[in-house]
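Structure data follow from work.cif (mmCIF, C-alpha atoms):
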```cif
data_query
#
loop_
_atom_site.label_atom_id
_atom_site.label_comp_id
_atom_site.auth_asym_id
_atom_site.auth_seq_id
_atom_site.Cartn_x
_atom_site.Cartn_y
_atom_site.Cartn_z
CA MET A 182 -11.62 -25.83 9.68
CA ASN A 183 -10.11 -28.84 11.36
CA ARG A 184 -9.35 -29.16 15.04
CA CYS A 185 -5.67 -28.24 14.63
CA ASP A 186 -6.54 -24.99 12.83
CA GLN A 187 -9.08 -24.20 15.51
CA GLY A 188 -6.49 -24.88 18.19
CA ARG A 189 -3.82 -22.70 16.53
CA ARG A 190 -6.24 -19.82 16.26
CA LEU A 191 -6.53 -19.87 20.03
CA PHE A 192 -2.78 -19.73 20.73
CA GLY A 193 -2.70 -15.93 21.07
CA ALA A 194 -5.71 -15.68 23.35
CA TYR A 195 -4.45 -18.65 25.38
CA TRP A 196 -1.06 -16.93 25.83
CA ASP A 197 -2.78 -13.72 26.89
CA ASP A 198 -5.05 -15.67 29.24
CA GLU A 199 -8.10 -14.37 27.42
CA VAL A 200 -9.84 -17.66 26.66
CA THR A 201 -12.97 -18.92 28.34
CA GLN A 202 -12.79 -21.86 30.69
CA ALA A 203 -14.38 -24.09 28.03
CA GLU A 204 -11.84 -22.95 25.38
CA ARG A 205 -8.99 -23.54 27.77
CA GLU A 206 -10.10 -27.07 28.58
CA TRP A 207 -10.70 -27.88 24.94
CA LEU A 208 -7.29 -26.53 23.83
CA GLU A 209 -5.38 -28.26 26.60
CA SER A 210 -7.00 -31.58 25.82
CA HIS A 211 -6.21 -31.07 22.13
CA LEU A 212 -2.57 -30.20 22.84
CA ALA A 213 -2.26 -33.28 25.01
CA GLY A 214 -3.34 -35.48 22.12
CA CYS A 215 -1.73 -33.67 19.12
CA SER A 216 2.06 -33.58 19.00
CA GLY A 217 2.11 -31.25 15.96
CA CYS A 218 0.06 -28.59 17.68
CA ARG A 219 1.98 -29.07 20.90
CA GLN A 220 5.25 -28.44 19.09
CA GLN A 221 3.73 -25.41 17.34
CA TYR A 222 2.55 -23.98 20.61
CA GLU A 223 5.95 -24.52 22.22
CA GLN A 224 7.60 -22.58 19.40
CA PHE A 225 4.97 -19.88 19.68
CA ALA A 226 5.51 -19.59 23.42
CA ARG A 227 9.28 -19.57 23.09
CA THR A 228 9.11 -16.85 20.48
CA LEU A 229 7.05 -14.62 22.75
CA GLU A 230 9.18 -15.46 25.77
CA THR A 231 12.29 -14.44 23.87
CA VAL A 232 10.62 -11.24 22.68
CA GLY A 233 9.50 -10.45 26.20
CA SER A 234 12.94 -11.12 27.67
CA LEU A 235 14.86 -8.91 25.28
CA PRO A 236 17.16 -6.65 27.29
CA ARG A 237 15.85 -3.19 27.97
CA THR A 238 17.54 -0.43 26.08
CA ASP A 239 19.41 1.90 28.37
CA THR A 240 18.91 5.57 27.79
CA ALA A 241 21.41 8.25 28.70
CA SER A 242 21.46 9.18 32.37
CA ASP A 243 21.50 12.87 31.50
CA LEU A 244 18.45 12.56 29.27
CA PRO A 245 16.17 14.51 31.67
CA GLU A 246 18.51 17.51 31.65
CA ARG A 247 19.05 17.32 27.91
CA ALA A 248 15.32 17.02 27.30
CA LEU A 249 14.65 20.01 29.55
CA ALA A 250 17.20 22.17 27.71
CA ALA A 251 15.77 21.14 24.35
CA ALA A 252 12.22 21.71 25.62
CA ARG A 253 13.13 25.24 26.74
CA ARG A 254 14.56 25.96 23.29
CA ALA A 255 11.48 24.52 21.59
CA ALA A 256 9.13 26.46 23.85
CA ALA A 257 11.00 29.69 23.12
CA VAL A 258 10.48 29.26 19.39
CA PRO A 259 6.81 29.22 18.49
CA ASP A 260 5.48 26.37 16.40
CA ARG A 261 5.67 26.93 12.72
CA VAL A 262 2.03 25.99 12.52
CA ALA A 263 0.16 28.21 14.94
CA VAL A 264 -2.51 26.49 17.01
CA ALA A 265 -4.85 29.46 16.64
CA PRO A 266 -4.49 31.57 13.51
CA ALA A 267 -3.29 35.07 14.29
CA ARG A 268 -5.61 37.98 13.50
CA PRO A 269 -4.78 39.24 10.00
CA LEU A 270 -3.00 42.58 9.85
CA TRP A 271 -5.61 44.13 7.58
CA VAL A 272 -8.34 43.94 10.23
CA PRO A 273 -6.99 46.58 12.64
CA VAL A 274 -5.66 48.68 9.74
CA THR A 275 -9.05 48.71 8.02
CA ALA A 276 -10.83 49.42 11.30
CA ALA A 277 -8.55 52.37 12.03
CA ALA A 278 -9.04 53.72 8.50
CA ALA A 279 -12.82 53.42 8.85
CA VAL A 280 -12.76 55.31 12.15
CA LEU A 281 -10.65 58.06 10.58
CA VAL A 282 -12.99 58.41 7.60
CA LEU A 283 -16.04 58.58 9.87
CA ALA A 284 -14.38 61.15 12.12
CA ALA A 285 -13.36 63.25 9.13
CA ALA A 286 -16.85 63.08 7.64
CA THR A 287 -18.34 64.22 10.96
CA LEU A 288 -15.86 66.91 11.86
CA LEU A 289 -14.92 68.45 8.51
CA PRO A 290 -18.21 70.34 7.99
CA LEU A 291 -17.90 71.80 11.48
CA ILE A 292 -14.27 72.78 11.06
CA GLY A 293 -14.73 74.11 7.54
CA GLY A 294 -17.85 76.18 8.55
CA GLN A 295 -15.81 78.74 10.59
CA GLY A 296 -18.31 80.35 12.90
CA GLY A 297 -21.20 78.00 12.73
CA GLN A 298 -21.80 78.28 8.98
CA GLY A 299 -23.24 75.29 7.15
CA GLY A 300 -21.22 72.86 5.17
CA THR A 301 -22.49 74.26 1.90
CA ARG A 302 -21.23 77.71 2.73
CA GLY A 303 -17.92 76.30 3.83
CA ARG A 304 -17.56 74.73 0.45
CA MET A 305 -18.53 78.03 -1.18
CA ALA A 306 -15.53 79.61 0.51
CA LEU A 307 -13.39 77.16 -1.38
CA GLY A 308 -14.84 78.40 -4.63
CA GLU A 309 -17.16 75.54 -5.40
CA LYS A 310 -20.55 76.01 -6.96
CA PRO A 311 -23.27 75.89 -4.31
CA VAL A 312 -25.94 73.24 -4.50
CA ALA A 313 -29.40 74.74 -4.29
CA GLU A 314 -31.49 73.34 -1.53
CA PRO A 315 -34.98 72.25 -2.50
CA TYR A 316 -37.79 74.42 -1.25
CA LEU A 317 -41.39 73.55 -0.62
CA LEU A 318 -43.92 75.01 -2.95
CA HIS A 319 -46.82 74.40 -0.58
CA ARG A 320 -47.58 72.34 2.49
CA SER A 321 -49.69 69.30 2.16
CA SER A 322 -51.91 70.55 4.96
CA GLU A 323 -53.00 73.46 2.75
CA PRO A 324 -55.27 72.16 0.03
CA LEU A 325 -53.99 73.16 -3.34
CA ALA A 326 -57.39 73.40 -4.79
CA ALA A 327 -58.36 76.15 -2.37
CA SER A 328 -55.40 78.49 -2.98
CA THR A 329 -54.40 77.68 -6.52
CA PRO A 330 -56.73 77.39 -9.39
CA ALA A 331 -56.57 74.23 -11.36
CA ALA A 332 -53.71 74.47 -13.84
CA PRO A 333 -53.25 72.58 -17.04
CA VAL A 334 -51.37 69.35 -16.69
CA SER A 335 -48.55 70.58 -18.90
CA THR A 336 -47.62 73.44 -16.56
CA LEU A 337 -48.08 71.74 -13.28
CA ALA A 338 -44.94 70.60 -11.52
CA ASP A 339 -44.91 66.85 -11.13
CA SER A 340 -43.64 67.11 -7.61
CA LEU A 341 -44.23 69.21 -4.54
CA PHE A 342 -40.75 70.65 -4.91
CA ASP A 343 -39.29 72.80 -7.60
CA HIS A 344 -36.36 70.74 -8.64
CA SER A 345 -35.39 72.71 -11.65
CA GLU A 346 -31.87 72.97 -10.23
CA ASP A 347 -31.72 69.72 -8.41
CA VAL A 348 -33.27 66.32 -8.50
CA GLU A 349 -34.69 64.79 -5.42
CA PHE A 350 -36.91 61.82 -4.85
CA ILE A 351 -39.90 62.33 -2.64
CA LEU A 352 -41.59 59.43 -1.01
CA ASP A 353 -45.20 60.23 -0.25
CA PRO A 354 -46.59 58.94 3.02
CA VAL A 355 -48.56 55.77 2.55
CA VAL A 356 -51.76 54.99 4.39
CA LEU A 357 -52.70 51.43 5.03
CA GLN A 358 -56.41 50.74 4.76
CA ARG A 359 -57.59 47.19 5.22
CA GLY A 360 -54.34 45.82 4.03
CA ARG A 361 -54.15 47.93 0.86
CA ALA A 362 -51.63 50.69 0.58
CA GLN A 363 -52.88 54.05 -0.55
CA ALA A 364 -50.74 57.13 -1.00
CA VAL A 365 -52.08 60.48 0.11
CA SER A 366 -52.85 62.36 -3.05
CA ASN A 367 -51.61 65.92 -3.25
CA LEU A 368 -52.95 66.52 -6.74
CA PRO A 369 -55.37 69.42 -7.00
CA ALA A 370 -58.94 68.54 -7.69
CA GLY A 371 -59.64 68.14 -11.36
CA VAL A 372 -56.03 67.36 -12.27
CA GLN A 373 -55.70 64.09 -14.07
CA GLY A 374 -52.62 62.03 -13.56
CA GLU A 375 -51.43 58.60 -12.67
CA GLN A 376 -50.34 57.83 -9.21
CA THR A 377 -47.88 55.08 -8.48
CA VAL A 378 -47.70 53.40 -5.15
CA ILE A 379 -44.47 51.73 -4.20
CA SER A 380 -44.88 49.32 -1.36
CA PHE A 381 -42.00 48.15 0.81
CA MET B 1005 1.89 15.80 34.78
CA GLY B 1006 -0.37 18.43 36.29
CA ARG B 1007 2.69 20.20 37.66
CA VAL B 1008 4.43 19.97 34.29
CA ALA B 1009 1.41 21.65 32.70
CA GLU B 1010 1.97 24.49 35.15
CA ASP B 1011 5.56 24.91 33.89
CA ASP B 1012 7.21 23.10 36.79
CA GLU B 1013 10.58 22.13 35.30
CA ARG B 1014 11.58 19.89 38.18
CA ALA B 1015 8.41 17.90 37.70
CA PHE B 1016 9.26 17.60 34.02
CA THR B 1017 12.74 16.18 34.64
CA GLU B 1018 11.24 13.76 37.16
CA LEU B 1019 8.71 12.66 34.58
CA VAL B 1020 11.45 12.08 32.01
CA ARG B 1021 13.47 10.10 34.53
CA ARG B 1022 10.47 7.91 35.28
CA PHE B 1023 9.49 7.17 31.68
CA GLN B 1024 12.73 7.41 29.72
CA GLY B 1025 13.38 3.66 30.01
CA ARG B 1026 10.02 2.60 28.59
CA VAL B 1027 10.00 5.25 25.89
CA GLY B 1028 13.58 4.48 24.89
CA ASN B 1029 12.90 0.76 24.80
CA LEU B 1030 9.82 1.17 22.64
CA ILE B 1031 11.70 3.31 20.13
CA SER B 1032 14.72 1.07 20.15
CA ARG B 1033 12.67 -2.08 19.53
CA VAL B 1034 10.44 -0.59 16.88
CA LEU B 1035 13.35 0.94 14.96
CA ASN B 1036 15.96 -1.66 15.93
CA ASP B 1037 18.32 1.25 16.36
CA ARG B 1038 20.07 1.87 19.64
CA GLU B 1039 22.34 4.59 18.35
CA ASN B 1040 19.60 7.14 17.82
CA THR B 1041 17.37 6.05 20.68
CA ASP B 1042 18.44 8.85 23.03
CA ASP B 1043 17.84 11.55 20.45
CA LEU B 1044 14.42 10.21 19.56
CA ALA B 1045 13.43 9.70 23.20
CA GLN B 1046 14.50 13.27 23.87
CA GLU B 1047 12.30 14.41 20.99
CA VAL B 1048 9.36 12.56 22.55
CA PHE B 1049 9.81 14.42 25.84
CA VAL B 1050 10.27 17.75 24.09
CA ARG B 1051 6.89 17.17 22.46
CA VAL B 1052 5.42 16.28 25.84
CA PHE B 1053 6.66 19.61 27.18
CA VAL B 1054 5.61 21.69 24.19
CA HIS B 1055 2.11 20.18 24.17
CA ARG B 1056 1.80 19.87 27.97
CA ARG B 1057 -1.38 21.93 28.01
CA ASN B 1058 -3.09 19.53 25.60
CA TYR B 1059 -2.80 16.71 28.12
CA ARG B 1060 -6.22 15.77 29.47
CA ARG B 1061 -6.18 15.60 33.24
CA GLY B 1062 -7.35 12.27 34.54
CA SER B 1063 -6.18 10.31 31.50
CA LYS B 1064 -3.28 7.91 31.79
CA PHE B 1065 0.05 9.62 31.17
CA SER B 1066 1.70 6.43 29.89
CA THR B 1067 -0.95 6.18 27.16
CA TRP B 1068 -0.31 9.75 26.10
CA VAL B 1069 3.47 9.47 26.07
CA PHE B 1070 3.32 6.15 24.19
CA THR B 1071 1.03 7.74 21.62
CA ILE B 1072 3.61 10.46 21.03
CA ALA B 1073 6.44 7.92 20.91
CA ALA B 1074 4.53 5.61 18.53
CA ASN B 1075 3.76 8.48 16.17
CA LEU B 1076 7.35 9.62 16.23
CA ALA B 1077 8.59 6.07 15.58
CA LYS B 1078 6.16 5.67 12.67
CA ASN B 1079 7.34 8.95 11.15
CA GLU B 1080 10.94 7.91 11.60
CA ILE B 1081 10.37 4.54 9.91
CA ARG B 1082 8.71 6.24 6.95
CA ARG B 1083 11.43 8.85 6.71
CA ARG B 1084 14.11 6.19 6.67
CA VAL B 1085 12.30 4.02 4.17
CA ARG B 1086 11.84 7.05 1.90
CA ARG B 1087 15.50 7.83 2.09
CA ARG B 1088 16.35 4.19 1.57
CA ASN B 1089 19.36 4.39 3.84
CA TRP B 1090 20.74 1.59 5.92
CA PHE B 1091 17.29 0.88 7.30
CA SER B 1092 16.26 -1.24 4.37
CA LEU B 1093 13.89 -4.08 5.13
CA ASP B 1094 15.53 -6.20 2.44
CA ALA B 1095 18.92 -5.62 4.02
CA LEU B 1096 17.56 -6.58 7.40
CA THR B 1097 16.10 -9.76 6.02
CA GLU B 1098 19.49 -10.64 4.57
CA VAL B 1099 21.23 -9.93 7.85
CA LEU B 1100 18.71 -12.07 9.66
CA SER B 1101 19.01 -15.01 7.28
CA ASP B 1102 22.81 -14.81 7.46
CA SER B 1103 22.77 -14.85 11.23
CA LEU B 1104 20.48 -17.82 11.67
CA PRO B 1105 22.81 -20.65 10.58
CA GLN B 1106 25.57 -19.22 12.77
CA LEU B 1107 23.27 -19.09 15.73
CA ALA B 1108 22.03 -22.59 15.07
CA ASP B 1109 25.49 -24.07 14.98
CA PRO B 1110 26.50 -24.97 18.54
CA THR B 1111 30.17 -25.37 17.58
CA GLU B 1112 30.43 -21.71 16.60
CA SER B 1113 28.92 -20.34 19.81
CA ARG B 1114 30.94 -21.73 22.67
CA GLU B 1115 29.60 -19.61 25.44
CA ALA B 1116 25.95 -19.67 26.40
CA GLY B 1117 25.94 -15.96 27.13
CA MET B 1118 27.19 -15.11 23.70
CA GLU B 1119 24.61 -17.43 22.17
CA ARG B 1120 21.85 -15.76 24.11
CA GLU B 1121 23.10 -12.36 23.02
CA GLN B 1122 23.13 -13.46 19.41
CA LEU B 1123 19.66 -14.94 19.79
CA GLN B 1124 18.38 -11.68 21.16
CA GLY B 1125 20.06 -9.80 18.33
CA ALA B 1126 18.38 -12.08 15.80
CA VAL B 1127 14.99 -11.65 17.46
CA GLY B 1128 15.44 -7.89 17.51
CA ARG B 1129 16.24 -7.90 13.80
CA ALA B 1130 13.32 -10.24 13.12
CA ILE B 1131 10.99 -7.82 14.85
CA ALA B 1132 12.32 -5.03 12.67
CA THR B 1133 11.33 -6.98 9.55
CA VAL B 1134 7.68 -7.21 10.61
CA PRO B 1135 5.65 -4.53 8.77
CA GLU B 1136 5.35 -1.33 10.73
CA LYS B 1137 1.66 -1.45 11.58
CA TYR B 1138 1.98 -4.94 13.04
CA ARG B 1139 5.33 -4.23 14.66
CA LEU B 1140 4.11 -1.31 16.75
CA ALA B 1141 1.23 -3.32 18.15
CA LEU B 1142 3.54 -6.27 18.87
CA VAL B 1143 6.12 -4.16 20.70
CA LEU B 1144 3.48 -2.39 22.75
CA ARG B 1145 1.93 -5.70 23.75
CA ASP B 1146 4.75 -8.23 24.05
CA ILE B 1147 7.63 -5.96 25.05
CA GLU B 1148 5.97 -3.07 26.87
CA GLY B 1149 3.14 -5.21 28.23
CA LEU B 1150 0.31 -2.76 27.55
CA ALA B 1151 -3.28 -3.96 27.76
CA TYR B 1152 -5.18 -4.33 24.49
CA GLU B 1153 -7.45 -1.44 25.38
CA GLU B 1154 -4.50 0.84 26.01
CA ILE B 1155 -2.84 -0.19 22.74
CA ALA B 1156 -6.09 0.60 20.94
CA GLU B 1157 -6.01 4.07 22.48
CA VAL B 1158 -2.34 4.64 21.66
CA LEU B 1159 -2.75 3.58 18.04
CA GLY B 1160 -6.23 5.07 17.63
CA LEU B 1161 -7.66 1.74 16.43
CA PRO B 1162 -10.60 -0.46 17.42
CA GLY B 1163 -9.83 -3.25 19.88
CA GLY B 1164 -10.58 -5.95 17.30
CA THR B 1165 -8.08 -4.49 14.84
CA VAL B 1166 -5.43 -4.37 17.54
CA ARG B 1167 -5.98 -8.05 18.42
CA SER B 1168 -5.86 -9.03 14.78
CA ARG B 1169 -2.63 -7.08 14.21
CA ILE B 1170 -0.96 -8.58 17.23
CA ASN B 1171 -1.94 -12.10 16.14
CA ARG B 1172 -0.60 -11.46 12.64
CA ALA B 1173 2.64 -10.02 14.03
CA ARG B 1174 3.15 -13.00 16.32
CA SER B 1175 2.58 -15.44 13.49
CA MET B 1176 5.02 -13.58 11.24
CA LEU B 1177 7.62 -13.52 13.96
CA GLN B 1178 7.19 -17.19 14.71
CA ARG B 1179 7.63 -18.06 11.04
CA LYS B 1180 10.76 -15.93 10.82
CA LEU B 1181 12.29 -17.48 13.93
CA GLN B 1182 11.13 -21.02 13.25
CA PRO B 1183 14.37 -22.25 11.61
CA LEU B 1184 16.38 -20.94 14.52
CA LEU B 1185 14.09 -22.39 17.17
CA ARG B 1186 13.92 -25.78 15.42
CA LYS B 1187 17.70 -26.07 15.25
CA GLN B 1188 18.02 -25.08 18.87
CA ASP B 1189 15.56 -27.82 19.77
CA ALA B 1190 17.55 -30.43 17.85
CA PRO B 1191 19.97 -32.48 20.03
#
```
Rewrite the structure of this file - the entire thing - as structure tokens.
Amino acid sequence: MNRCDQGRRLFGAYWDDEVTQAEREWLESHLAGCSGCRQQYEQFARTLETVGSLPRTDTASDLPERALAAARRAAAVPDRVAVAPARPLWVPVTAAAAVLVLAAATLLPLIGGQGGQGGTRGRMALGEKPVAEPYLLHRSSEPLAASTPAAPVSTLADSLFDHSEDVEFILDPVVLQRGRAQAVSNLPAGVQGEQTVISF
Amino acid sequence: MGRVAEDDERAFTELVRRFQGRVGNLISRVLNDRENTDDLAQEVFVRVFVHRRNYRRGSKFSTWVFTIAANLAKNEIRRRVRRRNWFSLDALTEVLSDSLPQLADPTESREAGMEREQLQGAVGRAIATVPEKYRLALVLRDIEGLAYEEIAEVLGLPGGTVRSRINRARSMLQRKLQPLLRKQDAP
């Protein structure tokens, strides 16, 4: 890059008074000795002087009032693009429906019972077939071996409950011993069978 | 501006009165369109009012209002270019080149005032032919007199990019006006 190119690159900063003292001195000495660059800088300066002296554009004197009226209109009409998205309609509707379902599930057995009867009996009044409640054949605290003689495997119920009319899953209590789970066995002594432990 | 944010309408009209000249001038010079300046300036102030609660207290209001005006001017330029209406850059270049010989001929401009007016018209049209991204920076700097840092904030650009754009814009403008300035210099 020759000295003239270097000088012309500084025109903008020189005009804005953003050159260092050393750059200023160097450029001014160059302009004093180079007529081409001096002419270029004069044109540059005249261009910016003309741009800076362009007449200001007059705006309407009633612009504040007009702007206020337009601003009121704009403020009255919400933006087409909402700043914060509105809550979807389905949220309150779903919440209300859920509350209704819960309330109905809680209150219907009481209302249908008529006089403190259970829900099952209430349904019986409507002509539905009752569901048999499971009943305990024996308590785990009473050892089977003591009261009942050992029965063949084929005739022994595989659960504590008689679920001939219903099916119900029974989870036996689990005892933890040194980190290993062991279910309390309710099988009578002498009965052979496999016991499955399900750990959670 | 704090009062405007609290819905004080008198403060808003006072704010418009104080800044309408600078906002109008910026729009007029960037678009080279005086006819629609009032409408566009009004739109700027409507946006100020609508978004008054987004204004950060303590920041410079002029920077904020110029940011809104610059964005609106940019959108307007793009809309006009898309529609290819009278605001065609090619057409402006033609108008500018046609006007230069007339301006340069001293026998055709008898009165100095008229010559100055024509010169200013030619400069205004020359500015309008500078590409948009350079033009905005040029107008903010050389017409509105904003500091480089403030221009960087208004345009959302790094300071170095702003300086580079302003230098490019000045060079373009000088090249466009060179024939006119040379002939004016000639005896």
Find the residues in chain A near chain B: any atom within 8 Å counts, using all atoms listed in the file. Write them as a PyMOL selection string.
chain A and resi 193+224-225+228-229+231-235+237-241+244-249+251-252+255-256
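We find atom CA of Val1134 of chain B and atom CA of Met1176 of chain B to be spaced 6.9 Å apart.
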Find the spatial neighbours of Leu1140 of chain B, counting all atoms listed in the file, within a cut-off of 8 Å - ignore same-chain residues fewer than 4 positions away - and output them as a list in words.
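Final neighbour list, sorted by chain and number: Val1034, Ala1074, Glu1136 and Leu1144 of chain B.
Going from atom CA of Pro1183 of chain B to atom CA of Ser210 of chain A covers 27.3 Å.
A straight line drawn from atom CA of Arg1082 of chain B to atom CA of Asn1040 of chain B is 15.4 Å long.
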Box for segment 221-238 of chain A: with edges along x, y and z, all listed atoms inside and 8 Å added on each side, what are the centre and edge lengths in Å to one decimal, as lines of an AutoDock Vina configuration file?
```
center_x = 10.0
center_y = -12.9
center_z = 22.7
size_x = 31.0
size_y = 41.0
size_z = 26.6
```
